[in-house]
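For reference, the structure is listed below as structure tokens.
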Amino acid sequence: MNKLNLSKYFRKYSYLYLIALLAMTAATLLDQAAPLIVQHIVDDVLIGKNTGVLNLLLLGILGIGVGRCVFQYTKEFLCDFAGSKIASEVRINLFQKIQSLSANFFDGINSGELMSRVKDDVDRIWDIAAFMGILMAEVAIRTVSTLFFMIRINWQLAIIPVLGMIASGFIAIKMEKQLDELYGAVAQEGSEMNNTAAENLAGVRTVKAFAREGFEIAKFHKHNQKFYELNIDLSRVFVKYNPIIQMITRSLSIVSLLLGGLIVIKGNPLQGGQKMTVGQLMAFIQYVGGMIWPMEMLGWLTNGLSSAKASVKRLNKIYQENPDITDKSQVAGDEELSGAMFSEFDINGDIEFDHVTYQAGDRKILDDVSFEIKAGQTLGIMGSTGSGKTTLINLLKRMYDVTDGSIKIDGIDIRELPLPTLRRSVSCVMQDIFLFSDTIDGNIRLGAREKITTAQVRSALNQSRASEFVDRMEDKENTVIGERGVGLSGGQKQRITIARALARKTPVLVLDDSTSALDTETEQEIQQVLADLSGMTKIIIAHRISAVRKADKIIVLDKGRLVEEGNHEELMAKGGLYKETFDSQY
């Protein structure tokens, strides 16, 4: 889906909107009956002295009030219900769309902008779905019905409010064009401001550590000031045109009363001196008052409609994005292939990189890398910072696709495997540790809450040596940790992420510099645990020789190319980069 199809959502709840429209129409027509009752009270009761019909007319006014309350409540409730459902479904579908996009998309957009799309822009759609849409219909129905009754009383006098409506509509259209341009700029600046705040709050400890509070406040103030100025520009447009509409509406009553009064006194020269009754004049003035509300609403509705249109445009930019990484089995619709033939239990863990090249933009990150590792073996990967070590893992999990060459698991190109099967078969402990604001147990069970048992959680905590500090906590593994693991040390967070990977018992385990924050003794204990794991292919990325020296195979990367390959003894004998690293460390 490359476009936000709002009509699909509205069609789904069209029966609710139909009932709401009927209720609103009934309430509007009841409103239109009130001036007619006033006309009879003035002409028949006050002037004609016919008090016999007074009670009936008063009951009519009471009935109009009660009926209007019932119909208006029905309209409000149904529109709010339908609008809330639509906004909820749009929001979850948008979130699903965002989740379906590949890593490349997130490389080029900040989280603050996405948060604004999911929250603020969907809220503007809720405005349209919940009340602004039905208000537009009410404005139209009220305008048409009011004009009908005014023309019945005196069609010549009705020309005045018609001219007023035309003038107000022209002004509203002109205002909408200017607001439409500004709302896009306001939303974009709001996204920038949100991102600045979110980034600052996420890294508040770093900000304080480097005494950057003043700099961050100034940076936020810059975006806040720009956001303020754009909103002032919006207000200027609204203030420029809205008073004109207000002046037109207020003038209508005065002009109608003056001309209507002359017709009551002297008669209408266009109708041979025919006079209006006082009651008709009173009813006509009430109808003119009824026209004021739709005319004043034009400005407000134009404002809201412009905001909603700008939001839909921004959401469509996300919907127009397509994932670079596609699941071949899902595209083909072969659910049997996806679900049965390639379940995560069928993968053994043979991995082969066959002349793999990966290029991001103009930068070549990996260049013609080839190696293989058999199921159950351990592969060590070494290389300087930026040599492409982590990129190998991102390609293995299909966060990105290779530019050239292929990656195979068990002899099958990973592009032929269903994405869920591939990614659930590879457990990773990455450099960038991320823990959710959840219990320790919840973080370890991440992505497999139903499959991982409590006993497996405990076993993983023991293997990662995380139980040493978890058992000292009041609620143990049920302890809630803060956002991104706030309150835990770097080593504690690493041990929990190692436990998370071990608990899954996947065919492939990847550790990307995952023991860098641990003390030497704990690191050695975990390395021994990893060495004792059988039936699992292990890939260990490290800067320290001690982490990879026992691996079955070690590869050394340099500037994206594989320059050395072998076990520890073989690489030491070659006297290349690996030997230089060993000498510098020992």
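How things are named: the first chain in the structure tokens is A, the next is B, and so on; residues count from 1 in each chain; ligands count from 1 in the order shown.
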I want to know what sits within 6 Å of A:Asp438, based on only C-alpha atoms, with residues of the same chain fewer than 3 positions away left out; could you give that as a VMD selection string? chain A and resid 442 480 to 481
Please write the residues from the selection above to a file, keeping N, CA, C and O atoms, as an mmCIF file, in the first residue's frame.
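Ended up saving to part.cif:
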```
data_model
loop_
_atom_site.group_PDB
_atom_site.id
_atom_site.type_symbol
_atom_site.label_atom_id
_atom_site.label_comp_id
_atom_site.auth_asym_id
_atom_site.auth_seq_id
_atom_site.Cartn_x
_atom_site.Cartn_y
_atom_site.Cartn_z
ATOM 1 N N GLY A 442 11.364 -10.220 31.280
ATOM 2 C CA GLY A 442 10.755 -9.809 30.017
ATOM 3 C C GLY A 442 11.791 -9.487 28.961
ATOM 4 O O GLY A 442 11.603 -9.786 27.774
ATOM 5 N N VAL A 480 11.944 -4.606 37.586
ATOM 6 C CA VAL A 480 11.769 -3.742 36.416
ATOM 7 C C VAL A 480 12.977 -2.833 36.291
ATOM 8 O O VAL A 480 13.351 -2.143 37.248
ATOM 9 N N ILE A 481 13.606 -2.865 35.129
ATOM 10 C CA ILE A 481 14.750 -1.985 34.882
ATOM 11 C C ILE A 481 14.282 -0.804 34.051
ATOM 12 O O ILE A 481 13.317 -0.885 33.309
#
```
Give me, as a list in words, all polymer residues having an atom no more than 10 Å from stretch 146-150 of chain A, counting only C-alpha atoms and skipping those fewer than 5 positions away in the same chain. Thr28, Leu29, Asp31, Gln32, Ala33, Pro35, Leu36, Ala140, Ile141, Trp155, Gln156, Leu157, Ala158, Ile159, Pro161, Val162, Gln280, Ala283, Phe284, Ile285, Gln286, Tyr287, Val288, Gly289, Gly290 and Met291 of chain A
Near A:Gln585, counting only C-alpha atoms, which residues have an atom at most 12 Å away, once you skip same-chain residues fewer than 6 positions from it, shown as a PDB file with N, CA, C and O atoms, in the first residue's frame?
```
ATOM      1  N   HIS A 543      37.966  -7.444  19.661  1.00  0.00           N
ATOM      2  CA  HIS A 543      39.218  -6.728  19.465  1.00  0.00           C
ATOM      3  C   HIS A 543      40.339  -7.410  20.246  1.00  0.00           C
ATOM      4  O   HIS A 543      41.513  -7.176  19.983  1.00  0.00           O
ATOM      5  N   ARG A 544      39.950  -8.243  21.224  1.00  0.00           N
ATOM      6  CA  ARG A 544      40.945  -8.899  22.062  1.00  0.00           C
ATOM      7  C   ARG A 544      41.196 -10.325  21.575  1.00  0.00           C
ATOM      8  O   ARG A 544      40.248 -11.085  21.346  1.00  0.00           O
ATOM      9  N   ILE A 545      42.456 -10.676  21.462  1.00  0.00           N
ATOM     10  CA  ILE A 545      42.843 -12.005  21.008  1.00  0.00           C
ATOM     11  C   ILE A 545      42.257 -13.082  21.917  1.00  0.00           C
ATOM     12  O   ILE A 545      41.836 -14.149  21.452  1.00  0.00           O
ATOM     13  N   SER A 546      42.171 -12.788  23.208  1.00  0.00           N
ATOM     14  CA  SER A 546      41.704 -13.784  24.175  1.00  0.00           C
ATOM     15  C   SER A 546      40.291 -14.263  23.872  1.00  0.00           C
ATOM     16  O   SER A 546      39.918 -15.378  24.238  1.00  0.00           O
ATOM     17  N   TYR A 578      47.171 -10.254  12.346  1.00  0.00           N
ATOM     18  CA  TYR A 578      46.782 -10.960  13.574  1.00  0.00           C
ATOM     19  C   TYR A 578      47.972 -11.044  14.526  1.00  0.00           C
ATOM     20  O   TYR A 578      47.840 -10.797  15.727  1.00  0.00           O
ATOM     21  N   LYS A 579      49.146 -11.392  13.989  1.00  0.00           N
ATOM     22  CA  LYS A 579      50.351 -11.479  14.815  1.00  0.00           C
ATOM     23  C   LYS A 579      50.713 -10.118  15.391  1.00  0.00           C
ATOM     24  O   LYS A 579      51.096  -9.999  16.574  1.00  0.00           O
TER      25      LYS A 579
END
```
What lies within 9 Å of A:Val237 using only C-alpha atoms, ignoring chain neighbours under 4 positions off, as a VMD selection string? chain A and resid 175 178 to 179 232 to 233 241 to 242
Limited to C-alpha atoms, could you put the picked residues into a file as an mmCIF file, in the first residue's frame?
```
data_model
loop_
_atom_site.group_PDB
_atom_site.id
_atom_site.type_symbol
_atom_site.label_atom_id
_atom_site.label_comp_id
_atom_site.auth_asym_id
_atom_site.auth_seq_id
_atom_site.Cartn_x
_atom_site.Cartn_y
_atom_site.Cartn_z
ATOM 1 C CA MET A 175 -7.263 31.479 3.850
ATOM 2 C CA GLN A 178 -2.167 30.072 2.872
ATOM 3 C CA LEU A 179 -2.735 27.789 5.874
ATOM 4 C CA ILE A 232 2.540 33.093 14.957
ATOM 5 C CA ASP A 233 2.478 33.147 11.139
ATOM 6 C CA TYR A 241 -9.203 36.788 7.555
ATOM 7 C CA ASN A 242 -11.373 35.653 10.458
#
```
Please give the complete set of residues from stretch 439-573 of chain A that DSSP, run on the backbone, assigns to strand (DSSP E), formatted as JSON, numbers by chain. {"A": [508, 509, 510, 511, 512, 537, 538, 539, 540, 541, 553, 554, 555, 556, 557, 558, 561, 562, 563, 564, 565, 566]}
Restricting it to N, CA, C and O atoms, dump the selection as a short mmCIF file (atom, residue, chain, number, x, y, z; two decimals), in the first residue's frame.
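Generated file (out-v8.cif):
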```
data_model
loop_
_atom_site.label_atom_id
_atom_site.label_comp_id
_atom_site.auth_asym_id
_atom_site.auth_seq_id
_atom_site.Cartn_x
_atom_site.Cartn_y
_atom_site.Cartn_z
N VAL A 508 22.40 -20.42 15.50
CA VAL A 508 23.54 -19.52 15.31
C VAL A 508 23.55 -18.48 16.42
O VAL A 508 22.52 -17.87 16.72
N LEU A 509 24.71 -18.30 17.03
CA LEU A 509 24.88 -17.31 18.10
C LEU A 509 25.98 -16.34 17.69
O LEU A 509 27.08 -16.75 17.32
N VAL A 510 25.66 -15.04 17.75
CA VAL A 510 26.62 -14.00 17.37
C VAL A 510 26.91 -13.14 18.58
O VAL A 510 25.99 -12.67 19.26
N LEU A 511 28.20 -12.91 18.86
CA LEU A 511 28.60 -12.02 19.95
C LEU A 511 29.52 -10.96 19.37
O LEU A 511 30.65 -11.27 18.97
N ASP A 512 29.01 -9.75 19.29
CA ASP A 512 29.75 -8.64 18.69
C ASP A 512 30.37 -7.80 19.80
O ASP A 512 29.73 -6.92 20.38
N THR A 537 26.36 -22.91 16.07
CA THR A 537 27.40 -22.18 15.36
C THR A 537 27.60 -20.84 16.05
O THR A 537 26.64 -20.09 16.26
N LYS A 538 28.86 -20.55 16.39
CA LYS A 538 29.13 -19.32 17.14
C LYS A 538 30.03 -18.39 16.32
O LYS A 538 31.03 -18.83 15.74
N ILE A 539 29.65 -17.14 16.27
CA ILE A 539 30.45 -16.12 15.60
C ILE A 539 30.81 -15.08 16.64
O ILE A 539 29.94 -14.46 17.25
N ILE A 540 32.12 -14.90 16.88
CA ILE A 540 32.58 -13.99 17.92
C ILE A 540 33.38 -12.87 17.28
O ILE A 540 34.43 -13.12 16.65
N ILE A 541 32.87 -11.67 17.40
CA ILE A 541 33.58 -10.48 16.91
C ILE A 541 34.28 -9.85 18.11
O ILE A 541 33.63 -9.61 19.15
N LYS A 553 38.01 -21.21 13.47
CA LYS A 553 38.51 -20.41 12.36
C LYS A 553 38.45 -18.95 12.75
O LYS A 553 37.51 -18.50 13.41
N ILE A 554 39.48 -18.20 12.34
CA ILE A 554 39.53 -16.75 12.60
C ILE A 554 39.75 -16.06 11.27
O ILE A 554 40.61 -16.48 10.48
N ILE A 555 38.96 -15.02 11.00
CA ILE A 555 39.20 -14.20 9.82
C ILE A 555 39.56 -12.79 10.27
O ILE A 555 39.08 -12.31 11.30
N VAL A 556 40.42 -12.15 9.52
CA VAL A 556 40.86 -10.79 9.83
C VAL A 556 40.45 -9.88 8.67
O VAL A 556 40.77 -10.16 7.51
N LEU A 557 39.71 -8.82 9.00
CA LEU A 557 39.26 -7.85 8.00
C LEU A 557 40.10 -6.58 8.07
O LEU A 557 40.50 -6.15 9.16
N ASP A 558 40.34 -6.00 6.92
CA ASP A 558 41.04 -4.72 6.87
C ASP A 558 40.46 -3.90 5.73
O ASP A 558 40.53 -4.30 4.56
N ARG A 561 38.08 -5.78 3.37
CA ARG A 561 38.56 -6.96 2.66
C ARG A 561 39.05 -8.01 3.65
O ARG A 561 39.57 -7.68 4.72
N LEU A 562 38.86 -9.27 3.32
CA LEU A 562 39.36 -10.36 4.15
C LEU A 562 40.84 -10.57 3.79
O LEU A 562 41.17 -10.95 2.66
N VAL A 563 41.72 -10.31 4.76
CA VAL A 563 43.16 -10.35 4.48
C VAL A 563 43.85 -11.56 5.08
O VAL A 563 44.94 -11.94 4.63
N GLU A 564 43.23 -12.18 6.11
CA GLU A 564 43.84 -13.36 6.72
C GLU A 564 42.75 -14.31 7.16
O GLU A 564 41.65 -13.89 7.56
N GLU A 565 43.06 -15.61 7.13
CA GLU A 565 42.08 -16.63 7.52
C GLU A 565 42.83 -17.85 8.04
O GLU A 565 43.84 -18.27 7.46
N GLY A 566 42.36 -18.43 9.15
CA GLY A 566 42.97 -19.62 9.71
C GLY A 566 42.67 -19.70 11.19
O GLY A 566 41.93 -18.87 11.74
#
```
If you run DSSP over the backbone, which residues in stretch 397-569 of chain A end up helix (DSSP H, G or I)? Put them as number ranges by chain. A: 414-416, 419-424, 440-444, 454-463, 467-470, 476-478, 483-485, 490-504, 520-532, 545-548, 568-569
Which residue out of A:Arg495, A:Lys275, A:Arg472, A:Lys505 has the minimum interatomic distance to A:Lys451 when only C-alpha atoms are used?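 Comparing A:Arg495, A:Lys275, A:Arg472, A:Lys505 against A:Lys451, the winner is A:Lys505.
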Grab the atom CA of A:Asp583 to atom CA of A:Asn567 distance for me, in Å with one decimal place.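 Between atom CA of A:Asp583 and atom CA of A:Asn567 the gap is 16.5 Å.
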Which is closer to A:Thr357 than all the others in A:Ile452, A:Val402, A:Leu258, A:Ala27, using only C-alpha atoms?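 Smallest separation from A:Thr357 among the options: A:Val402.
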Pick out the residues sitting within 10 Å of A:Ser425, and hand them over as JSON, numbers by chain; count only C-alpha atoms, and ignore anything fewer than 5 positions along from it in its own chain. {"A": [343, 344, 345, 346, 347, 348, 349, 397, 419, 420, 504, 505, 506, 507, 508, 509]}
Export N, CA and C atoms of the chosen residues as a PDB file, in the first residue's frame?
```pdb
ATOM      1  N   SER A 343      11.233 -24.006   8.957  1.00  0.00           N
ATOM      2  CA  SER A 343      11.064 -23.600  10.350  1.00  0.00           C
ATOM      3  C   SER A 343      12.438 -23.438  10.962  1.00  0.00           C
ATOM      4  N   GLU A 344      12.534 -22.699  12.082  1.00  0.00           N
ATOM      5  CA  GLU A 344      13.833 -22.413  12.674  1.00  0.00           C
ATOM      6  C   GLU A 344      14.535 -23.680  13.159  1.00  0.00           C
ATOM      7  N   PHE A 345      13.787 -24.769  13.381  1.00  0.00           N
ATOM      8  CA  PHE A 345      14.373 -26.007  13.866  1.00  0.00           C
ATOM      9  C   PHE A 345      15.052 -26.790  12.743  1.00  0.00           C
ATOM     10  N   ASP A 346      14.791 -26.427  11.490  1.00  0.00           N
ATOM     11  CA  ASP A 346      15.381 -27.135  10.362  1.00  0.00           C
ATOM     12  C   ASP A 346      16.772 -26.623  10.028  1.00  0.00           C
ATOM     13  N   ILE A 347      17.138 -25.481  10.559  1.00  0.00           N
ATOM     14  CA  ILE A 347      18.429 -24.883  10.216  1.00  0.00           C
ATOM     15  C   ILE A 347      19.520 -25.484  11.100  1.00  0.00           C
ATOM     16  N   ASN A 348      20.588 -25.946  10.460  1.00  0.00           N
ATOM     17  CA  ASN A 348      21.707 -26.547  11.197  1.00  0.00           C
ATOM     18  C   ASN A 348      22.745 -25.497  11.594  1.00  0.00           C
ATOM     19  N   GLY A 349      23.055 -24.590  10.659  1.00  0.00           N
ATOM     20  CA  GLY A 349      24.001 -23.529  11.003  1.00  0.00           C
ATOM     21  C   GLY A 349      25.246 -23.490  10.144  1.00  0.00           C
ATOM     22  N   LYS A 397      21.841 -11.294   8.945  1.00  0.00           N
ATOM     23  CA  LYS A 397      20.450 -11.226   9.431  1.00  0.00           C
ATOM     24  C   LYS A 397      19.537 -10.484   8.454  1.00  0.00           C
ATOM     25  N   LEU A 419      11.984 -14.290   6.226  1.00  0.00           N
ATOM     26  CA  LEU A 419      12.704 -13.420   7.158  1.00  0.00           C
ATOM     27  C   LEU A 419      12.543 -13.827   8.622  1.00  0.00           C
ATOM     28  N   PRO A 420      11.302 -14.120   9.092  1.00  0.00           N
ATOM     29  CA  PRO A 420      11.166 -14.520  10.501  1.00  0.00           C
ATOM     30  C   PRO A 420      11.999 -15.756  10.839  1.00  0.00           C
ATOM     31  N   ARG A 504      17.483 -18.319  24.011  1.00  0.00           N
ATOM     32  CA  ARG A 504      16.740 -18.636  22.789  1.00  0.00           C
ATOM     33  C   ARG A 504      17.179 -19.970  22.176  1.00  0.00           C
ATOM     34  N   LYS A 505      18.407 -20.400  22.483  1.00  0.00           N
ATOM     35  CA  LYS A 505      18.913 -21.693  21.978  1.00  0.00           C
ATOM     36  C   LYS A 505      18.752 -21.810  20.459  1.00  0.00           C
ATOM     37  N   THR A 506      19.266 -20.805  19.751  1.00  0.00           N
ATOM     38  CA  THR A 506      19.156 -20.786  18.289  1.00  0.00           C
ATOM     39  C   THR A 506      20.325 -21.528  17.651  1.00  0.00           C
ATOM     40  N   PRO A 507      20.200 -21.899  16.385  1.00  0.00           N
ATOM     41  CA  PRO A 507      21.300 -22.598  15.701  1.00  0.00           C
ATOM     42  C   PRO A 507      22.561 -21.753  15.550  1.00  0.00           C
ATOM     43  N   VAL A 508      22.395 -20.418  15.499  1.00  0.00           N
ATOM     44  CA  VAL A 508      23.539 -19.517  15.307  1.00  0.00           C
ATOM     45  C   VAL A 508      23.551 -18.482  16.422  1.00  0.00           C
ATOM     46  N   LEU A 509      24.714 -18.301  17.030  1.00  0.00           N
ATOM     47  CA  LEU A 509      24.882 -17.307  18.096  1.00  0.00           C
ATOM     48  C   LEU A 509      25.978 -16.338  17.691  1.00  0.00           C
TER      49      LEU A 509
END
```
Applying 9 Å and only C-alpha atoms, which residues near A:Ser191 remain after dropping the ones on its own chain fewer than 5 positions away? List them as a PyMOL selection string. chain A and resi 110-117+186+196
I'd like to know which of A:Met473, A:Leu94, A:Cys79, A:Val278 is closest to A:Leu315, using only C-alpha atoms. A:Leu94
Long-range neighbours of A:Leu62 as JSON, numbers by chain, 12 Å cut-off, only C-alpha atoms, 3 positions minimum in chain: {"A": [30, 31, 33, 34, 37, 55, 56, 57, 58, 59, 65, 66, 67, 68, 69]}
For the atom pair atom CA of A:Asp410 and atom CA of A:Leu396, what is the interatomic distance in Å to one decimal place? 12.8 Å
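Shortest separation to A:Lys12 among A:Glu321, A:Glu521, A:Glu89, A:Glu352 occurs at residue A:Glu89, atoms counted being only C-alpha atoms.
Nearest to A:Ala375 of all the residues A:Ala218, A:Asp552, A:Ile393, A:Leu488 is A:Asp552, counting only C-alpha atoms.
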Just checking: using only C-alpha atoms, which residue out of A:Asn154, A:Lys85, A:Val369, A:Met399 ends up closest to A:Leu281?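 With only C-alpha atoms as the atom set, the closest residue is A:Asn154.
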